[in-house]
Each structure stands twice: as C-alpha cells, then as structure tokens.
>>> print(open('start_12.pdb').read())   # PDB, C-alpha atoms
ATOM      1  CA  MET A   8       9.399  12.809  34.117
ATOM      2  CA  SER A   9       6.943  15.691  33.890
ATOM      3  CA  LEU A  10       3.525  15.062  32.370
ATOM      4  CA  LEU A  11       4.301  17.637  29.660
ATOM      5  CA  LEU A  12       7.528  15.858  28.650
ATOM      6  CA  ARG A  13       5.799  12.481  28.711
ATOM      7  CA  PHE A  14       2.974  13.799  26.485
ATOM      8  CA  LYS A  15       5.480  15.348  24.071
ATOM      9  CA  ASN A  16       7.409  12.082  23.799
ATOM     10  CA  GLN A  17       4.228  10.140  23.092
ATOM     11  CA  LEU A  18       3.354  12.561  20.314
ATOM     12  CA  LEU A  19       6.771  12.006  18.757
ATOM     13  CA  THR A  20       6.859   8.223  19.175
ATOM     14  CA  GLN A  21       4.387   5.449  18.520
ATOM     15  CA  GLN A  22       4.219   1.683  18.880
ATOM     16  CA  VAL A  23       2.588  -0.538  16.268
ATOM     17  CA  ALA A  24       2.243  -4.293  16.415
ATOM     18  CA  SER A  25       0.726  -7.156  14.464
ATOM     19  CA  LEU A  26      -0.739 -10.326  15.891
ATOM     20  CA  GLY A  27      -0.396 -13.101  13.329
ATOM     21  CA  ALA A  28      -0.870 -16.854  13.445
ATOM     22  CA  ASP A  29       2.773 -17.429  12.491
ATOM     23  CA  ALA A  30       4.558 -14.395  13.981
ATOM     24  CA  VAL A  31       4.080 -11.362  16.197
ATOM     25  CA  ALA A  32       5.790  -8.060  15.381
ATOM     26  CA  LEU A  33       6.350  -4.968  17.532
ATOM     27  CA  LEU A  34       7.803  -1.726  16.188
ATOM     28  CA  ARG A  35       8.576   1.709  17.578
ATOM     29  CA  LEU A  36       8.497   4.670  15.192
ATOM     30  CA  GLU A  37       9.313   8.341  15.429
ATOM     31  CA  ASN A  38       6.718  10.699  13.982
ATOM     32  CA  GLY A  39       7.482  13.941  12.227
ATOM     33  CA  MET A  40       7.837  15.297   8.702
ATOM     34  CA  ALA A  41       9.263  11.884   7.824
ATOM     35  CA  LYS A  42       8.628   8.776   9.909
ATOM     36  CA  ARG A  43      11.620   6.852  11.173
ATOM     37  CA  LEU A  44      11.769   3.251  12.341
ATOM     38  CA  LEU A  45      13.507   3.258  15.716
ATOM     39  CA  GLU A  46      13.181  -0.362  16.757
ATOM     40  CA  LYS A  47      11.726  -3.603  15.404
ATOM     41  CA  ASN A  48      11.198  -6.937  17.092
ATOM     42  CA  LEU A  49       9.739 -10.188  15.782
ATOM     43  CA  ALA A  50       8.626 -13.364  17.528
ATOM     44  CA  PRO A  51       8.112 -16.169  14.968
ATOM     45  CA  MET A  52       5.930 -19.085  16.032
ATOM     46  CA  ALA A  53       5.743 -22.642  14.791
ATOM     47  CA  ALA A  54       3.331 -22.812  11.866
ATOM     48  CA  ASN A  55       0.093 -24.572  12.756
ATOM     49  CA  HIS A  56      -2.601 -24.133  10.156
ATOM     50  CA  GLN A  57      -4.689 -27.100  11.341
ATOM     51  CA  VAL A  58      -5.836 -25.528  14.627
ATOM     52  CA  ALA A  59      -9.498 -26.335  15.117
ATOM     53  CA  HIS A  60     -10.372 -23.404  17.326
ATOM     54  CA  GLN A  61      -9.277 -19.814  16.797
ATOM     55  CA  ALA A  62      -9.088 -19.291  20.567
ATOM     56  CA  GLN A  63      -6.283 -21.868  20.687
ATOM     57  CA  SER A  64      -4.450 -20.283  17.772
ATOM     58  CA  TRP A  65      -4.265 -16.769  19.254
ATOM     59  CA  ALA A  66      -3.273 -17.816  22.780
ATOM     60  CA  SER A  67       0.370 -18.372  21.808
ATOM     61  CA  ALA A  68       0.364 -15.080  19.870
ATOM     62  CA  ILE A  69      -0.715 -13.207  23.016
ATOM     63  CA  ILE A  70       2.143 -14.796  24.981
ATOM     64  CA  ALA A  71       4.586 -13.771  22.239
ATOM     65  CA  LEU A  72       3.291 -10.188  22.282
ATOM     66  CA  GLU A  73       3.617 -10.019  26.064
ATOM     67  CA  ASN A  74       7.242 -11.140  25.809
ATOM     68  CA  LEU A  75       7.973  -8.511  23.153
ATOM     69  CA  LEU A  76       6.376  -5.751  25.242
ATOM     70  CA  SER A  77       8.261  -6.868  28.355
ATOM     71  CA  ASN A  78      11.581  -6.890  26.511
ATOM     72  CA  ALA A  79      10.897  -3.521  24.885
ATOM     73  CA  ASN A  80      10.037  -1.957  28.241
ATOM     74  CA  ALA A  81      13.141  -3.424  29.869
ATOM     75  CA  GLN A  82      15.369  -2.018  27.132
ATOM     76  CA  THR A  83      13.841   1.450  27.242
ATOM     77  CA  GLN A  84      13.365   2.047  30.961
ATOM     78  CA  SER A  85      16.070   4.692  30.852
ATOM     79  CA  LYS A  86      14.528   6.328  27.769
ATOM     80  CA  PRO A  87      11.459   8.491  28.427
ATOM     81  CA  SER A  88      10.112   7.831  24.935
ATOM     82  CA  GLY A  89       9.878   4.110  25.639
ATOM     83  CA  ASN A  90       7.680   4.146  28.721
ATOM     84  CA  GLY A  91       3.931   3.590  28.468
ATOM     85  CA  LEU A  92       3.678   4.335  24.746
ATOM     86  CA  PRO A  93       0.254   4.032  23.111
ATOM     87  CA  LEU A  94      -0.161   0.894  21.014
ATOM     88  CA  THR A  95      -1.851   0.344  17.649
ATOM     89  CA  LEU A  96      -2.433  -3.357  17.019
ATOM     90  CA  VAL A  97      -3.299  -5.053  13.716
ATOM     91  CA  LEU A  98      -5.024  -8.442  13.904
ATOM     92  CA  SER A  99      -4.449 -11.162  11.343
ATOM     93  CA  ASN A 100      -7.477 -12.008   9.218
ATOM     94  CA  GLN A 101      -7.202 -15.489  10.722
ATOM     95  CA  PHE A 102      -8.586 -14.093  13.983
ATOM     96  CA  VAL A 103     -11.449 -12.104  12.417
ATOM     97  CA  ARG A 104     -14.724 -12.961  10.658
ATOM     98  CA  TYR A 105     -16.164 -10.559   8.105
ATOM     99  CA  LYS A 106     -19.450  -9.828   6.369
ATOM    100  CA  ILE A 107     -20.725  -7.025   4.126
ATOM    101  CA  ILE A 108     -24.265  -5.794   4.754
ATOM    102  CA  PRO A 109     -26.316  -2.901   3.336
ATOM    103  CA  ALA A 110     -25.820   0.374   5.173
ATOM    104  CA  MET A 111     -28.483   1.366   7.678
ATOM    105  CA  PRO A 112     -30.501   4.574   7.141
ATOM    106  CA  ALA A 113     -28.700   7.748   8.184
ATOM    107  CA  PHE A 114     -28.710   8.478  11.925
ATOM    108  CA  SER A 115     -29.767   4.918  12.814
ATOM    109  CA  PRO A 116     -29.197   4.279  16.529
ATOM    110  CA  ALA A 117     -25.973   2.418  17.234
ATOM    111  CA  ASP A 118     -27.792  -0.347  19.126
ATOM    112  CA  LYS A 119     -30.013  -1.007  16.094
ATOM    113  CA  VAL A 120     -26.980  -1.253  13.793
ATOM    114  CA  MET A 121     -25.339  -3.705  16.192
ATOM    115  CA  ALA A 122     -28.534  -5.756  16.466
ATOM    116  CA  VAL A 123     -28.632  -6.168  12.684
ATOM    117  CA  ALA A 124     -24.910  -7.006  12.526
ATOM    118  CA  THR A 125     -25.266  -9.578  15.311
ATOM    119  CA  HIS A 126     -28.272 -11.153  13.581
ATOM    120  CA  CYS A 127     -26.316 -11.505  10.320
ATOM    121  CA  PHE A 128     -23.474 -13.318  12.068
ATOM    122  CA  ARG A 129     -25.892 -15.460  14.075
ATOM    123  CA  GLU A 130     -27.511 -16.712  10.873
ATOM    124  CA  SER A 131     -24.154 -18.155   9.810
ATOM    125  CA  TYR A 132     -22.513 -19.093  13.108
ATOM    126  CA  GLY A 133     -25.324 -19.664  15.590
ATOM    127  CA  ASP A 134     -24.786 -19.148  19.307
ATOM    128  CA  SER A 135     -20.999 -18.742  18.909
ATOM    129  CA  VAL A 136     -21.827 -15.075  18.315
ATOM    130  CA  ASP A 137     -22.533 -14.693  22.037
ATOM    131  CA  HIS A 138     -18.764 -14.915  22.637
ATOM    132  CA  TRP A 139     -17.737 -12.381  20.010
ATOM    133  CA  THR A 140     -17.105  -8.651  19.952
ATOM    134  CA  ILE A 141     -18.733  -7.198  16.824
ATOM    135  CA  ARG A 142     -17.958  -3.897  15.101
ATOM    136  CA  ALA A 143     -19.480  -2.151  12.075
ATOM    137  CA  ASN A 144     -17.465   0.153   9.789
ATOM    138  CA  PRO A 145     -18.973   2.269   6.990
ATOM    139  CA  LEU A 146     -17.394   1.619   3.589
ATOM    140  CA  PRO A 147     -16.282   4.523   1.360
ATOM    141  CA  HIS A 148     -19.343   4.876  -0.852
ATOM    142  CA  GLY A 149     -21.722   4.799   2.097
ATOM    143  CA  ASP A 150     -24.022   2.087   0.743
ATOM    144  CA  SER A 151     -22.465  -0.809   2.677
ATOM    145  CA  LEU A 152     -21.149  -1.707   6.102
ATOM    146  CA  LEU A 153     -18.223  -3.995   6.802
ATOM    147  CA  ILE A 154     -18.989  -5.905   9.969
ATOM    148  CA  SER A 155     -16.284  -7.826  11.791
ATOM    149  CA  ALA A 156     -16.290 -10.205  14.729
ATOM    150  CA  ILE A 157     -13.417 -11.049  17.083
ATOM    151  CA  ASP A 158     -13.382 -13.466  20.020
ATOM    152  CA  THR A 159     -14.195 -11.394  23.099
ATOM    153  CA  GLU A 160     -11.602 -13.343  25.089
ATOM    154  CA  LEU A 161      -8.943 -12.161  22.639
ATOM    155  CA  VAL A 162     -10.025  -8.529  22.992
ATOM    156  CA  THR A 163     -10.011  -8.871  26.790
ATOM    157  CA  ALA A 164      -6.527 -10.410  26.728
ATOM    158  CA  ILE A 165      -5.183  -7.542  24.584
ATOM    159  CA  GLU A 166      -6.722  -4.908  26.863
ATOM    160  CA  ALA A 167      -5.277  -6.601  29.949
ATOM    161  CA  LEU A 168      -1.853  -6.734  28.320
ATOM    162  CA  CYS A 169      -1.925  -3.020  27.528
ATOM    163  CA  GLN A 170      -3.003  -2.186  31.063
ATOM    164  CA  LYS A 171      -0.210  -4.323  32.494
ATOM    165  CA  HIS A 172       2.396  -2.490  30.416
ATOM    166  CA  GLN A 173       0.782   0.946  30.888
ATOM    167  CA  SER A 174       0.195   1.309  27.154
ATOM    168  CA  LYS A 175      -3.048   2.845  25.983
ATOM    169  CA  LEU A 176      -4.653   0.749  23.251
ATOM    170  CA  ASN A 177      -5.087   3.433  20.611
ATOM    171  CA  SER A 178      -6.583   1.170  17.981
ATOM    172  CA  LEU A 179      -7.338  -2.498  17.340
ATOM    173  CA  GLN A 180      -7.615  -2.991  13.571
ATOM    174  CA  PRO A 181      -8.420  -6.068  11.488
ATOM    175  CA  TYR A 182      -5.760  -6.469   8.795
ATOM    176  CA  LEU A 183      -8.338  -6.248   6.006
ATOM    177  CA  MET A 184      -9.301  -2.739   7.114
ATOM    178  CA  SER A 185      -5.804  -1.418   7.855
ATOM    179  CA  GLY A 186      -4.584  -2.803   4.528
ATOM    180  CA  PHE A 187      -7.471  -1.266   2.608
ATOM    181  CA  ASN A 188      -7.134   2.100   4.329
ATOM    182  CA  SER A 189      -3.413   2.222   3.515
ATOM    183  CA  MET A 190      -4.066   1.898  -0.240
ATOM    184  CA  ARG A 191      -7.675   2.990  -0.785
ATOM    185  CA  ARG A 192      -6.609   5.974  -2.915
ATOM    186  CA  GLN A 193      -4.835   3.616  -5.318
ATOM    187  CA  ILE A 194      -7.908   1.517  -6.057
ATOM    188  CA  GLY A 195      -9.591   2.740  -9.226
ATOM    189  CA  THR A 196     -12.951   2.211 -10.882
ATOM    190  CA  GLY A 197     -14.101  -0.960 -12.598
ATOM    191  CA  VAL A 198     -13.720  -4.438 -11.124
ATOM    192  CA  SER A 199     -10.930  -4.850  -8.587
ATOM    193  CA  CYS A 200      -9.789  -7.287  -5.925
ATOM    194  CA  LEU A 201      -7.754  -6.486  -2.839
ATOM    195  CA  VAL A 202      -5.619  -9.542  -2.026
ATOM    196  CA  GLN A 203      -3.942 -10.214   1.307
ATOM    197  CA  VAL A 204      -1.538 -13.133   1.647
ATOM    198  CA  GLU A 205      -0.705 -14.571   5.049
ATOM    199  CA  ALA A 206       0.931 -17.822   6.090
ATOM    200  CA  GLY A 207      -1.482 -20.533   5.005
ATOM    201  CA  ARG A 208      -4.314 -18.153   4.161
ATOM    202  CA  LEU A 209      -5.646 -15.919   1.382
ATOM    203  CA  THR A 210      -8.221 -13.150   1.828
ATOM    204  CA  ILE A 211      -9.745 -11.184  -1.058
ATOM    205  CA  ALA A 212     -12.227  -8.319  -1.142
ATOM    206  CA  LEU A 213     -14.036  -7.950  -4.466
ATOM    207  CA  MET A 214     -15.056  -4.406  -5.457
ATOM    208  CA  ARG A 215     -16.819  -2.803  -8.383
ATOM    209  CA  ASP A 216     -16.447   0.952  -8.905
ATOM    210  CA  GLY A 217     -15.379   1.219  -5.287
ATOM    211  CA  ASN A 218     -18.425  -0.663  -3.959
ATOM    212  CA  TRP A 219     -17.560  -3.798  -1.998
ATOM    213  CA  GLN A 220     -19.190  -6.923  -3.417
ATOM    214  CA  SER A 221     -17.813  -9.767  -1.309
ATOM    215  CA  ILE A 222     -15.126 -10.909   1.112
ATOM    216  CA  THR A 223     -13.833 -14.446   1.029
ATOM    217  CA  ALA A 224     -10.955 -16.315   2.626
ATOM    218  CA  THR A 225      -9.463 -19.769   2.318
ATOM    219  CA  LYS A 226      -6.615 -21.877   3.634
ATOM    220  CA  THR A 227      -3.926 -22.433   1.060
ATOM    221  CA  SER A 228      -0.590 -24.075   0.375
ATOM    222  CA  GLU A 229       2.786 -22.353   0.241
ATOM    223  CA  ASP A 230       2.412 -21.881  -3.537
ATOM    224  CA  TRP A 231      -0.886 -20.016  -3.464
ATOM    225  CA  SER A 232      -1.034 -18.730  -7.061
ATOM    226  CA  ASP A 233      -3.430 -21.387  -8.403
ATOM    227  CA  ASP A 234      -5.641 -21.114  -5.337
ATOM    228  CA  LEU A 235      -5.883 -17.357  -5.783
ATOM    229  CA  ALA A 236      -6.735 -17.566  -9.491
ATOM    230  CA  ALA A 237      -9.529 -20.061  -8.757
ATOM    231  CA  LEU A 238     -10.801 -17.975  -5.843
ATOM    232  CA  ILE A 239     -10.982 -14.761  -7.871
ATOM    233  CA  SER A 240     -12.694 -16.509 -10.804
ATOM    234  CA  ARG A 241     -15.260 -18.023  -8.454
ATOM    235  CA  GLU A 242     -16.041 -14.674  -6.838
ATOM    236  CA  LEU A 243     -16.389 -13.007 -10.234
ATOM    237  CA  LEU A 244     -18.833 -15.736 -11.307
ATOM    238  CA  LEU A 245     -20.876 -15.570  -8.114
ATOM    239  CA  SER A 246     -21.125 -11.791  -8.386
ATOM    240  CA  GLY A 247     -22.243 -11.959 -12.020
ATOM    241  CA  LEU A 248     -19.152 -10.112 -13.244
ATOM    242  CA  GLN A 249     -17.770 -12.999 -15.302
ATOM    243  CA  ILE A 250     -19.377 -15.389 -17.779
ATOM    244  CA  ALA A 251     -18.901 -19.096 -17.027
ATOM    245  CA  GLY A 252     -16.046 -20.603 -19.016
ATOM    246  CA  LEU A 253     -14.556 -17.252 -19.994
ATOM    247  CA  GLN A 254     -11.845 -15.307 -18.205
ATOM    248  CA  ASN A 255     -12.467 -12.008 -19.931
ATOM    249  CA  THR A 256     -13.258  -9.724 -17.020
ATOM    250  CA  GLN A 257     -10.750  -6.868 -16.965
ATOM    251  CA  ALA A 258     -10.147  -6.980 -13.236
ATOM    252  CA  SER A 259      -7.405  -5.108 -11.368
ATOM    253  CA  ILE A 260      -5.729  -7.180  -8.662
ATOM    254  CA  TYR A 261      -4.210  -5.120  -5.839
ATOM    255  CA  PHE A 262      -1.815  -6.907  -3.508
ATOM    256  CA  SER A 263      -1.169  -5.746   0.010
ATOM    257  CA  ALA A 264       2.543  -5.846   0.772
ATOM    258  CA  LEU A 265       3.544  -9.501   0.724
ATOM    259  CA  PRO A 266       5.059 -11.121   3.831
ATOM    260  CA  THR A 267       8.092 -12.882   2.248
ATOM    261  CA  LEU A 268      10.361 -12.720  -0.785
ATOM    262  CA  GLN A 269       9.044 -16.130  -1.817
ATOM    263  CA  ASP A 270       5.528 -14.674  -1.923
ATOM    264  CA  GLU A 271       6.825 -11.883  -4.163
ATOM    265  CA  LYS A 272       8.155 -14.528  -6.572
ATOM    266  CA  ILE A 273       4.817 -16.378  -6.502
ATOM    267  CA  LYS A 274       3.023 -13.118  -7.306
ATOM    268  CA  GLN A 275       5.153 -12.701 -10.428
ATOM    269  CA  GLY A 276       4.171 -16.191 -11.543
ATOM    270  CA  PHE A 277       0.517 -15.388 -10.879
ATOM    271  CA  LYS A 278       0.847 -12.242 -12.982
ATOM    272  CA  GLN A 279       2.385 -14.132 -15.923
ATOM    273  CA  ASN A 280      -0.228 -16.894 -15.812
ATOM    274  CA  ASN A 281      -3.201 -14.513 -15.692
ATOM    275  CA  PRO A 282      -2.569 -11.873 -18.384
ATOM    276  CA  ALA A 283      -6.233 -10.826 -18.518
ATOM    277  CA  TRP A 284      -5.916  -9.344 -15.044
ATOM    278  CA  GLN A 285      -3.899  -6.237 -14.217
ATOM    279  CA  VAL A 286      -1.743  -7.019 -11.199
ATOM    280  CA  LEU A 287      -0.789  -3.978  -9.145
ATOM    281  CA  PRO A 288       1.357  -3.646  -5.993
ATOM    282  CA  ALA A 289       0.648  -1.590  -2.907
ATOM    283  CA  ASN A 290       2.567   1.685  -2.919
ATOM    284  CA  GLN A 291       4.309   1.876   0.435
ATOM    285  CA  LYS A 292       5.005   5.121   2.214
ATOM    286  CA  ALA A 293       8.700   5.723   2.746
ATOM    287  CA  ILE A 294       9.877   5.192   6.316
ATOM    288  CA  THR A 295      13.495   5.813   7.225
ATOM    289  CA  GLY A 296      15.062   2.567   8.404
ATOM    290  CA  TYR A 297      12.445   0.352   6.723
ATOM    291  CA  MET A 298      13.588  -1.772   3.768
ATOM    292  CA  PRO A 299      10.765  -3.617   1.944
ATOM    293  CA  SER A 300      13.222  -6.197   0.607
ATOM    294  CA  LYS A 301      14.289  -7.188   4.137
ATOM    295  CA  ASP A 302      11.418  -6.211   6.413
ATOM    296  CA  GLN A 303       8.456  -8.145   4.947
ATOM    297  CA  PRO A 304       7.507  -9.690   8.334
ATOM    298  CA  TYR A 305       6.637  -6.183   9.561
ATOM    299  CA  THR A 306       4.327  -5.184   6.705
ATOM    300  CA  MET A 307       1.124  -6.142   8.516
ATOM    301  CA  ALA A 308       1.957  -3.919  11.495
ATOM    302  CA  LEU A 309       3.016  -1.052   9.229
ATOM    303  CA  SER A 310      -0.290  -1.185   7.319
ATOM    304  CA  ALA A 311      -1.682   0.824  10.240
ATOM    305  CA  VAL A 312       0.935   3.548   9.591
ATOM    306  CA  PHE A 313       0.856   3.946   5.809
TER
END
>>> encode(input="start_12.pdb", output="structure tokens")
Amino acid sequence: MSLLLRFKNQLLTQQVASLGADAVALLRLENGMAKRLLEKNLAPMAANHQVAHQAQSWASAIIALENLLSNANAQTQSKPSGNGLPLTLVLSNQFVRYKIIPAMPAFSPADKVMAVATHCFRESYGDSVDHWTIRANPLPHGDSLLISAIDTELVTAIEALCQKHQSKLNSLQPYLMSGFNSMRRQIGTGVSCLVQVEAGRLTIALMRDGNWQSITATKTSEDWSDDLAALISRELLLSGLQIAGLQNTQASIYFSALPTLQDEKIKQGFKQNNPAWQVLPANQKAITGYMPSKDQPYTMALSAVF
C-alpha cells in the first residue's frame, strides 16, 4: 500500500477503546460528514471490586485489550483501513486519581506546574507518587487545574501494546475528562454535578457556574441511587452550597451515558426520589450503527468521539 493511500485511510477511519475494570471495548469508526460505526468488540471480565492494588486490577484489562487488537488485526489484514490505525484510549476512573488545584500564573514553566502537581499528590499518597505519571489539564474558566495520576507501569504497558500492533497512541484520556469534554456545552450556570457510573464505582465532579469545586469517588453497590444522593449532599455541604439538614440547593445533575439498561432504571428512581435536583442526561452525538439502547458497554470509549 502506498503511503498516500495509507494516510488517507487513517484519516477516514479511527480506533477508539476503553479500558475498564469490568470490560474492555474496541471500536472502529469511519469519519466524514456523519460518523459510522464499522466494528465493535467487547471483552467482559469477571467483576472484582475488592482488588487491593490498582496495578493488579488493570493487568487483566491490558491482556483483554491485546486480545481484541490481535483479533481486529487478524480480521482486517486484507483491508487497508484496518492496518496500523491510530488508537484513542479512554481509561476508567478506577485507574486514575484526581485533584483540583488553583491554576498557576500565566506562562508558568511546565516543570514548575508539574512540581506543584506532584507535591499535591505526595501530600495525600506519599512515596507512591514516584511510580505515577502525572498530567495537568486547564479547566474551562482558567482558574483551576485538573491534575491526574496514572500508574506509570500501566502507561508503559499501553505504549508497548500500541507499538506491537503498529498503532500510534493518539490520545490517552481519563474517563472524567473525555466525559466532561463530550458534554461541556450542555452544562449550565448555577450548581451542577457531573456523574459517571461504572461497575462498582461512582465519580462526581461538583461545579458552580462552570468552576470546578471538587471531585470525589466511592465504591458502591449495584443499586447506587442512595449512595449517589448521599455523596452529592455531602459534597454540597462540604463546599458550603447546602445548609445542614436541608436539601434545598437547586442543583443540576448531569449523567454521562450509563453503562447498562439497569443503570438507566436506577437513574429514573434517583430522579423520582430527589425532586429538588434537576436530573439531565448526556446528549449523544448520532453515529450510524450505534444504538444507545443496545450499545451501553461502548459508551465510555465513545465519550472520546462525541
């Protein structure tokens, strides 16, 4: 295949994947005026929410992703568009640690920003930080930074996997950021919470007039509605946005696309039981071949496309 044809095919086709604690997804999409889902593959894993070390929990996910990439390459060897495609990978919040810190002065050297970010994580986690890869991302209003930390061994394993399969790693995105970026224009003023539901875990980002106030996460049961209500109320209290004993804060609750139909049903129960809060869904961009009612396991990966 000529380099020109290969480059053209890569412009027209992209791979996106998600690395979760309960499943790994790999999709191939066609770009253009309207995106089209060409292929989707899923590797479910046995649920294990009691893993003591994150390094142990992502090891099986890496093996699952390697199998999906190997199978995809084997099936598309005769198709130019399937060889060596760039990969965008979304990481479950279970594999990422987050903090919000004040933004550094404009034009601050990158090494100074990273030194501050590393110090903030070290205060909470000690010397474990020495084994992490840390990134800092400006938040929309420019007065805060979202800093994230991922096990360096995980990053190295992903890079090695891409090199093995001749796929350039276009982007490695924590789910909190890809989910927020996919719906940031929907989030209005006032008090709002972005909620992400994963197997055995809830993550919420509390915002006020677009300014991020806090990020918190917790393990949860299959019926997570009560856990979420308590978590949001606690964050509102800690931030000074709610008076103790009263649930009168007019907060807007934005859900990222939920991973199962059962979670959709639980959300409806949460909405009915918390009438003081406005519960809003994520508006998903239309993709030909993608059906939200059937393709929930792929929503994390597709958050990097919307």
>>> closest_residue(input="start_12.pdb", among="A:His138, A:Lys119, A:Lys106, A:Arg191", to="Leu153 (chain A)", atoms="only C-alpha atoms")
A:Lys106
>>> closest_atom_pairs(input="start_12.pdb", of="region 23-47 of chain A", to="region 200-210 of chain A", cutoff="9 Å", atoms="only C-alpha atoms", output="JSON lines")
{"residue": "A:Gly27", "atom": "CA", "partner": "A:Glu205", "partner_atom": "CA", "distance": 8.4}
{"residue": "A:Ala28", "atom": "CA", "partner": "A:Ala206", "partner_atom": "CA", "distance": 7.6}
{"residue": "A:Asp29", "atom": "CA", "partner": "A:Ala206", "partner_atom": "CA", "distance": 6.7}
>>> resolve_selection(input="start_12.pdb", expression="the PyMOL selection byres ((chain A and resi 257-261) around 9)", output="list in words")
Met190, Gln193, Ile194, Gly195, Gly197, Val198, Ser199, Cys200, Leu201, Val202, Gln203, Gln254, Asn255, Thr256, Phe262, Ser263, Ala283, Trp284, Gln285, Val286, Leu287, Pro288 and Ala289 of chain A
>>> axis_aligned_box(input="start_12.pdb", around="region 179-193 of chain A", padding_each_side="8 Å", output="AutoDock Vina command-line options")
--center_x -6.4 --center_y -0.2 --center_z 6.0 --size_x 21.9 --size_y 28.4 --size_z 38.7
>>> residues_around(input="start_12.pdb", residues="region 45-48 of chain A", least_positions_apart="6", cutoff="8 Å", atoms="all atoms listed in the file", output="list in words")
Ala32, Leu33, Leu34, Arg35, Leu36, Glu37, Leu75 and Gly296 of chain A
>>> resolve_selection(input="start_12.pdb", expression="the PyMOL selection byres ((chain A and resi 123-132) around 8)", output="ChimeraX atom specification")
/A:106,108,119-122,133-136,141,143,154
>>> residues_around(input="start_12.pdb", residues="Ser174 (chain A)", least_positions_apart="6", cutoff="6 Å", atoms="all atoms listed in the file", output="list in words")
Gly91, Leu92 and Pro93 of chain A
>>> write_last_selection(input="start_12.pdb", atoms="C-alpha atoms", output="PDB file, in the coordinates of the input")
ATOM      1  CA  GLY A  91       3.931   3.590  28.468  1.00  0.00           C
ATOM      2  CA  LEU A  92       3.678   4.335  24.746  1.00  0.00           C
ATOM      3  CA  PRO A  93       0.254   4.032  23.111  1.00  0.00           C
TER       4      PRO A  93
END
>>> resolve_selection(input="start_12.pdb", expression="the PyMOL selection byres ((chain A and resi 100) around 8)", output="ChimeraX atom specification")
/A:98-99,101-104,181-183,210
>>> atom_distance(input="start_12.pdb", atom1="CA of Leu244 (chain A)", atom2="CA of Thr225 (chain A)")
17.0 Å
>>> residues_around(input="start_12.pdb", residues="region 233-243 of chain A", least_positions_apart="4", cutoff="8 Å", atoms="all atoms listed in the file", output="ChimeraX atom specification")
/A:200,209,211,213,221,227,247-249,254,277,281
>>> residues_near_point(input="start_12.pdb", point="(-21.3, 2.8, 5.2)", cutoff="12 Å", atoms="only C-alpha atoms", output="list in words")
Ile107, Ile108, Pro109, Ala110, Met111, Pro112, Ala113, Phe114, Ser115, Val120, Ala143, Asn144, Pro145, Leu146, Pro147, His148, Gly149, Asp150, Ser151, Leu152, Leu153, Ile154, Asn218 and Trp219 of chain A
>>> atom_distance(input="start_12.pdb", atom1="CA of Tyr305 (chain A)", atom2="CA of Gln279 (chain A)")
27.0 Å
